[in-house]
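This is data.pdb. It holds PDB, C-alpha atoms.
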```pdb
MODEL        1
ATOM      1  CA  HIS A   1       2.445 -22.647  -5.924
ATOM      2  CA  HIS A   2       4.844 -23.610  -8.677
ATOM      3  CA  LEU A   3       7.863 -25.877  -8.293
ATOM      4  CA  TRP A   4      10.936 -24.374  -9.915
ATOM      5  CA  MET A   5      14.348 -26.013  -9.591
ATOM      6  CA  GLY A   6      13.404 -27.562  -6.249
ATOM      7  CA  ALA A   7      12.025 -24.338  -4.749
ATOM      8  CA  VAL A   8       8.382 -23.506  -4.215
ATOM      9  CA  LEU A   9       7.503 -20.112  -5.665
ATOM     10  CA  LYS A  10       4.470 -18.532  -4.056
ATOM     11  CA  ILE A  11       2.358 -16.720  -6.646
ATOM     12  CA  SER A  12      -0.734 -16.142  -4.542
ATOM     13  CA  SER A  13      -1.298 -14.792  -1.074
ATOM     14  CA  GLY A  14      -2.421 -16.978   1.794
ATOM     15  CA  ALA A  15      -3.498 -14.059   3.974
ATOM     16  CA  VAL A  16      -6.010 -11.260   4.267
ATOM     17  CA  LEU A  17      -5.526  -7.858   5.848
ATOM     18  CA  GLN A  18      -6.069  -7.626   9.585
ATOM     19  CA  GLU A  19      -9.010  -5.539  10.757
ATOM     20  CA  GLU A  20      -6.704  -2.802  12.104
ATOM     21  CA  GLN A  21      -5.238  -2.449   8.584
ATOM     22  CA  LEU A  22      -8.590  -1.713   6.914
ATOM     23  CA  CYS A  23     -10.031   1.739   6.335
ATOM     24  CA  MET A  24     -13.434   1.693   8.020
ATOM     25  CA  SER A  25     -14.535   5.187   6.933
ATOM     26  CA  HIS A  26     -14.837   7.196   3.746
ATOM     27  CA  HIS A  27     -12.466   9.773   5.306
ATOM     28  CA  CYS A  28      -9.754   7.121   5.728
ATOM     29  CA  ARG A  29     -10.226   5.708   2.196
ATOM     30  CA  ASP A  30     -10.172   9.237   0.755
ATOM     31  CA  GLN A  31      -6.919  10.059   2.580
ATOM     32  CA  VAL A  32      -5.359   6.808   1.308
ATOM     33  CA  ALA A  33      -6.539   7.582  -2.238
ATOM     34  CA  HIS A  34      -4.953  11.028  -2.328
ATOM     35  CA  PHE A  35      -1.752  10.264  -0.409
ATOM     36  CA  ASP A  36       1.347  10.433  -2.607
ATOM     37  CA  GLY A  37       4.206  10.175  -0.097
ATOM     38  CA  ASN A  38       6.865   7.489   0.261
ATOM     39  CA  ASP A  39       5.114   5.061   2.622
ATOM     40  CA  VAL A  40       2.772   3.511   0.016
ATOM     41  CA  LYS A  41       2.345  -0.214  -0.668
ATOM     42  CA  PHE A  42       0.182  -1.924  -3.286
ATOM     43  CA  VAL A  43      -0.719  -5.467  -2.200
ATOM     44  CA  LEU A  44      -2.875  -8.478  -3.112
ATOM     45  CA  ASP A  45      -4.686 -10.698  -0.571
ATOM     46  CA  LYS A  46      -5.763 -14.356  -0.692
ATOM     47  CA  ASN A  47      -9.184 -13.400  -2.093
ATOM     48  CA  GLY A  48      -7.511 -11.687  -5.045
ATOM     49  CA  ILE A  49      -8.422  -8.218  -3.778
ATOM     50  CA  LYS A  50      -5.896  -5.457  -4.478
ATOM     51  CA  TRP A  51      -5.222  -2.728  -1.914
ATOM     52  CA  LYS A  52      -3.414   0.609  -1.617
ATOM     53  CA  CYS A  53      -1.930   0.917   1.867
ATOM     54  CA  ILE A  54      -0.331   3.902   3.591
ATOM     55  CA  ASN A  55       1.060   4.479   7.061
ATOM     56  CA  ARG A  56      -1.992   5.133   9.300
ATOM     57  CA  ARG A  57      -0.006   7.858  11.091
ATOM     58  CA  GLU A  58      -0.253   9.911   7.869
ATOM     59  CA  ILE A  59      -4.051  10.227   8.216
ATOM     60  CA  ARG A  60      -5.598  13.040  10.254
ATOM     61  CA  GLY A  61      -7.828  11.664  12.996
ATOM     62  CA  GLU A  62      -6.567   8.065  12.738
ATOM     63  CA  THR A  63      -4.575   6.336  15.473
ATOM     64  CA  GLY A  64      -2.398   3.266  15.500
ATOM     65  CA  ALA A  65       0.977   2.130  14.217
ATOM     66  CA  ASN A  66      -0.296  -0.048  11.361
ATOM     67  CA  TRP A  67      -1.221   0.418   7.704
ATOM     68  CA  ALA A  68      -4.460   1.968   6.471
ATOM     69  CA  CYS A  69      -5.642   0.174   3.330
ATOM     70  CA  ALA A  70      -8.309   0.958   0.741
ATOM     71  CA  GLU A  71      -9.685  -1.627  -1.720
ATOM     72  CA  LEU A  72      -8.961  -1.070  -5.422
ATOM     73  CA  GLN A  73     -11.063  -1.799  -8.510
ATOM     74  CA  CYS A  74     -10.976  -1.062 -12.253
ATOM     75  CA  MET A  75     -13.348   1.572 -13.651
ATOM     76  CA  THR A  76     -14.057   2.763 -17.185
ATOM     77  CA  GLY A  77     -12.506   6.194 -17.760
ATOM     78  CA  GLY A  78     -14.460   9.347 -18.445
ATOM     79  CA  LYS A  79     -17.084  11.483 -16.714
ATOM     80  CA  ARG A  80     -19.694   8.719 -16.382
ATOM     81  CA  SER A  81     -17.285   6.113 -15.104
ATOM     82  CA  VAL A  82     -18.733   2.702 -14.201
ATOM     83  CA  LEU A  83     -17.184  -0.489 -12.898
ATOM     84  CA  SER A  84     -15.195  -2.198 -15.641
ATOM     85  CA  HIS A  85     -14.339  -5.217 -13.450
ATOM     86  CA  SER A  86     -13.342  -6.058  -9.882
ATOM     87  CA  PHE A  87      -9.585  -6.116 -10.767
ATOM     88  CA  HIS A  88      -9.146  -9.301  -8.714
ATOM     89  CA  TYR A  89      -6.261 -11.776  -8.812
ATOM     90  CA  ARG A  90      -3.918 -11.314 -11.798
ATOM     91  CA  SER A  91      -6.384  -9.324 -13.935
ATOM     92  CA  ASP A  92      -5.091  -6.064 -15.439
ATOM     93  CA  CYS A  93      -6.779  -2.648 -15.666
ATOM     94  CA  GLU A  94      -6.142  -1.957 -19.349
ATOM     95  CA  GLY A  95      -6.758   0.598 -22.085
ATOM     96  CA  SER A  96      -8.679   3.692 -21.024
ATOM     97  CA  ASP A  97      -9.798   2.015 -17.771
ATOM     98  CA  VAL A  98      -8.482   3.507 -14.506
ATOM     99  CA  VAL A  99      -7.639   2.038 -11.093
ATOM    100  CA  THR A 100      -9.814   3.545  -8.340
ATOM    101  CA  THR A 101     -10.716   2.908  -4.719
ATOM    102  CA  ALA A 102     -14.057   1.228  -4.035
ATOM    103  CA  ASP A 103     -15.345   4.796  -3.509
ATOM    104  CA  GLY A 104     -14.342   5.745  -7.075
ATOM    105  CA  ALA A 105     -11.298   7.962  -6.341
ATOM    106  CA  VAL A 106      -8.745   7.548  -9.160
ATOM    107  CA  ILE A 107      -5.333   6.205  -8.051
ATOM    108  CA  GLU A 108      -2.987   7.480 -10.784
ATOM    109  CA  GLU A 109       0.134   5.798  -9.351
ATOM    110  CA  ALA A 110      -1.474   2.355  -8.882
ATOM    111  CA  PRO A 111       0.034  -0.431 -10.981
ATOM    112  CA  ARG A 112      -2.323  -1.412 -13.821
ATOM    113  CA  LYS A 113      -0.806  -4.889 -14.240
ATOM    114  CA  GLY A 114      -2.328  -7.332 -11.761
ATOM    115  CA  GLY A 115       0.783  -9.475 -11.542
ATOM    116  CA  THR A 116       2.900  -6.617 -10.167
ATOM    117  CA  TYR A 117       1.153  -6.372  -6.780
ATOM    118  CA  ARG A 118       3.086  -7.675  -3.780
ATOM    119  CA  LEU A 119       1.507 -10.163  -1.369
ATOM    120  CA  VAL A 120      -0.186  -8.987   1.832
ATOM    121  CA  GLU A 121       2.419 -11.025   3.741
ATOM    122  CA  SER A 122       5.109  -8.567   2.579
ATOM    123  CA  LEU A 123       3.555  -5.600   4.417
ATOM    124  CA  GLY A 124       5.027  -5.957   7.910
ATOM    125  CA  LEU A 125       4.616  -2.797   9.965
ATOM    126  CA  PRO A 126       5.081   0.647   8.410
ATOM    127  CA  PRO A 127       8.303   2.514   9.255
ATOM    128  CA  ARG A 128       8.214   5.053  12.040
ATOM    129  CA  PRO A 129       7.573   8.608  10.774
ATOM    130  CA  GLY A 130      10.801  10.178   9.540
ATOM    131  CA  CYS A 131      12.529   6.817   8.958
ATOM    132  CA  SER A 132      11.568   6.051   5.373
ATOM    133  CA  ALA A 133      13.175   7.855   2.453
ATOM    134  CA  GLY A 134      14.834  10.611   4.437
ATOM    135  CA  PRO A 135      13.897  14.168   5.332
ATOM    136  CA  PRO A 136      12.216  16.449   2.810
ATOM    137  CA  PRO A 137      14.621  18.863   1.031
ATOM    138  CA  GLU A 138      13.486  21.856   3.118
ATOM    139  CA  MET A 139      14.724  20.006   6.240
ATOM    140  CA  LEU A 140      18.280  19.640   4.918
ATOM    141  CA  VAL A 141      19.473  23.000   6.274
ATOM    142  CA  GLY A 142      21.559  22.527   9.395
ATOM    143  CA  PRO A 143      22.407  19.306  11.264
ATOM    144  CA  PRO A 144      19.837  16.499  11.544
ATOM    145  CA  PRO A 145      17.756  16.367  14.748
ATOM    146  CA  GLN A 146      19.653  14.652  17.567
ATOM    147  CA  GLY A 147      18.824  10.931  17.911
ATOM    148  CA  LEU A 148      16.805  10.624  14.699
ATOM    149  CA  ASP A 149      19.638   9.108  12.644
ATOM    150  CA  THR A 150      20.596   6.398  15.136
ATOM    151  CA  ARG A 151      16.970   5.388  15.834
ATOM    152  CA  CYS A 152      16.225   5.059  12.104
ATOM    153  CA  GLN A 153      19.480   3.195  11.445
ATOM    154  CA  ARG A 154      18.631   0.674  14.189
ATOM    155  CA  LEU A 155      15.137   0.229  12.746
ATOM    156  CA  GLN A 156      16.511  -0.327   9.231
ATOM    157  CA  GLN A 157      19.053  -2.870  10.526
ATOM    158  CA  GLN A 158      16.297  -4.775  12.346
ATOM    159  CA  GLN A 159      14.164  -4.857   9.177
ATOM    160  CA  ARG A 160      17.074  -6.319   7.160
ATOM    161  CA  GLN A 161      17.521  -9.249   9.576
TER     162      GLN A 161
ENDMDL
END
```
What do you get writing this file as structure tokens?
Amino acid sequence: HHLWMGAVLKISSGAVLQEEQLCMSHHCRDQVAHFDGNDVKFVLDKNGIKWKCINRREIRGETGANWACAELQCMTGGKRSVLSHSFHYRSDCEGSDVVTTADGAVIEEAPRKGGTYRLVESLGLPPRPGCSAGPPPEMLVGPPPQGLDTRCQRLQQQQRQ
């Protein structure tokens, strides 16, 4: 914690992910690694571990209304990639190194600067399907499904409070 003009700024997390937020299988971690939709969060926990989290409802065979998170690390680039470092706390994944899951799947869109990850406490619950960024372009023909707009608007208003 740093004191700045009378306010405490939190620069480290005081929490870890809950068990229902962890990916317990390779299938789950692989789905998280390759997901490129809108409901993606990159977070840091109190142990300095960085995570990529997606809405669990986006994963075939997974149940629950929480996030599904896969641990991240920093690997050397190239065909014979090896662990460069654990990528914990504020460390960066620099140069030709790449951010991967613990299983070694490259996460192209992951931030490489350690200080840009949000805290685990910022996760909350993922939005309900269809309530995030809006419908895909192919769904924009004709009127929106009845009830979807008002339900999503209520959810967004609750999240702002």
Separation of CA of Asp36 in chain A and CA of Gly14 in chain A, in Å? 28.0 Å
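For the choices A:Leu123, A:Ala65, A:Cys23, A:Val32, the atom-to-atom distance to Ala110 in chain A is smallest for A:Val32 when using only C-alpha atoms.
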Fewer than 2 positions away in the same chain doesn't count, so skip those; otherwise give me all residues within 12 Å of Gly61 in chain A, counting all atoms listed in the file, as a ChimeraX atom specification. /A:25,27-28,31,56-59,63-64
Quick one: distance from CA of Gln18 in chain A to CA of Val40 in chain A in Å, one decimal? 17.1 Å
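Our summary of the geometry notes that CA of Val106 in chain A is positioned 21.6 Å from CA of Val120 in chain A.
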Check which residues satisfy the PyMOL selection byres ((chain A and resi 67) around 7) in the file shown, then give them as a PDB file with C-alpha atoms, in the frame of the given file.
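And here's selection12.pdb as it stands now:
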```pdb
ATOM      1  CA  GLN A  21      -5.238  -2.449   8.584  1.00  0.00           C
ATOM      2  CA  CYS A  53      -1.930   0.917   1.867  1.00  0.00           C
ATOM      3  CA  ILE A  54      -0.331   3.902   3.591  1.00  0.00           C
ATOM      4  CA  ASN A  55       1.060   4.479   7.061  1.00  0.00           C
ATOM      5  CA  ARG A  56      -1.992   5.133   9.300  1.00  0.00           C
ATOM      6  CA  ASN A  66      -0.296  -0.048  11.361  1.00  0.00           C
ATOM      7  CA  ALA A  68      -4.460   1.968   6.471  1.00  0.00           C
ATOM      8  CA  CYS A  69      -5.642   0.174   3.330  1.00  0.00           C
ATOM      9  CA  PRO A 126       5.081   0.647   8.410  1.00  0.00           C
TER      10      PRO A 126
END
```
Just the residues within 12 Å of range 74-86 of chain A, please, counting all atoms listed in the file, with nothing from its chain fewer than 6 positions along; format it as an mmCIF file with C-alpha atoms, in the coordinates of the input.
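Once written, out17.cif looks like this:
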```
data_model
loop_
_atom_site.group_PDB
_atom_site.id
_atom_site.type_symbol
_atom_site.label_atom_id
_atom_site.label_comp_id
_atom_site.auth_asym_id
_atom_site.auth_seq_id
_atom_site.Cartn_x
_atom_site.Cartn_y
_atom_site.Cartn_z
ATOM 1 C CA ASN A 47 -9.184 -13.400 -2.093
ATOM 2 C CA GLY A 48 -7.511 -11.687 -5.045
ATOM 3 C CA ILE A 49 -8.422 -8.218 -3.778
ATOM 4 C CA LYS A 50 -5.896 -5.457 -4.478
ATOM 5 C CA TRP A 51 -5.222 -2.728 -1.914
ATOM 6 C CA ASP A 92 -5.091 -6.064 -15.439
ATOM 7 C CA CYS A 93 -6.779 -2.648 -15.666
ATOM 8 C CA GLU A 94 -6.142 -1.957 -19.349
ATOM 9 C CA GLY A 95 -6.758 0.598 -22.085
ATOM 10 C CA SER A 96 -8.679 3.692 -21.024
ATOM 11 C CA ASP A 97 -9.798 2.015 -17.771
ATOM 12 C CA VAL A 98 -8.482 3.507 -14.506
ATOM 13 C CA VAL A 99 -7.639 2.038 -11.093
ATOM 14 C CA THR A 100 -9.814 3.545 -8.340
ATOM 15 C CA THR A 101 -10.716 2.908 -4.719
ATOM 16 C CA ALA A 102 -14.057 1.228 -4.035
ATOM 17 C CA ASP A 103 -15.345 4.796 -3.509
ATOM 18 C CA GLY A 104 -14.342 5.745 -7.075
ATOM 19 C CA ALA A 105 -11.298 7.962 -6.341
ATOM 20 C CA VAL A 106 -8.745 7.548 -9.160
ATOM 21 C CA ILE A 107 -5.333 6.205 -8.051
ATOM 22 C CA GLU A 108 -2.987 7.480 -10.784
ATOM 23 C CA ALA A 110 -1.474 2.355 -8.882
ATOM 24 C CA PRO A 111 0.034 -0.431 -10.981
ATOM 25 C CA ARG A 112 -2.323 -1.412 -13.821
ATOM 26 C CA LYS A 113 -0.806 -4.889 -14.240
ATOM 27 C CA GLY A 114 -2.328 -7.332 -11.761
#
```
Residue with the minimum atom-to-atom distance to Asn38 in chain A, picked from A:Glu20, A:Glu109, A:Glu121, A:Glu71 with all atoms listed in the file counted, is A:Glu109
All file atoms of range 43-58 of chain A boxed axis-aligned, 4 Å per side, centre plus edges, as JSON:
```
{"center_x": -4.1, "center_y": -2.2, "center_z": 3.0, "size_x": 18.2, "size_y": 32.3, "size_z": 24.1}
```
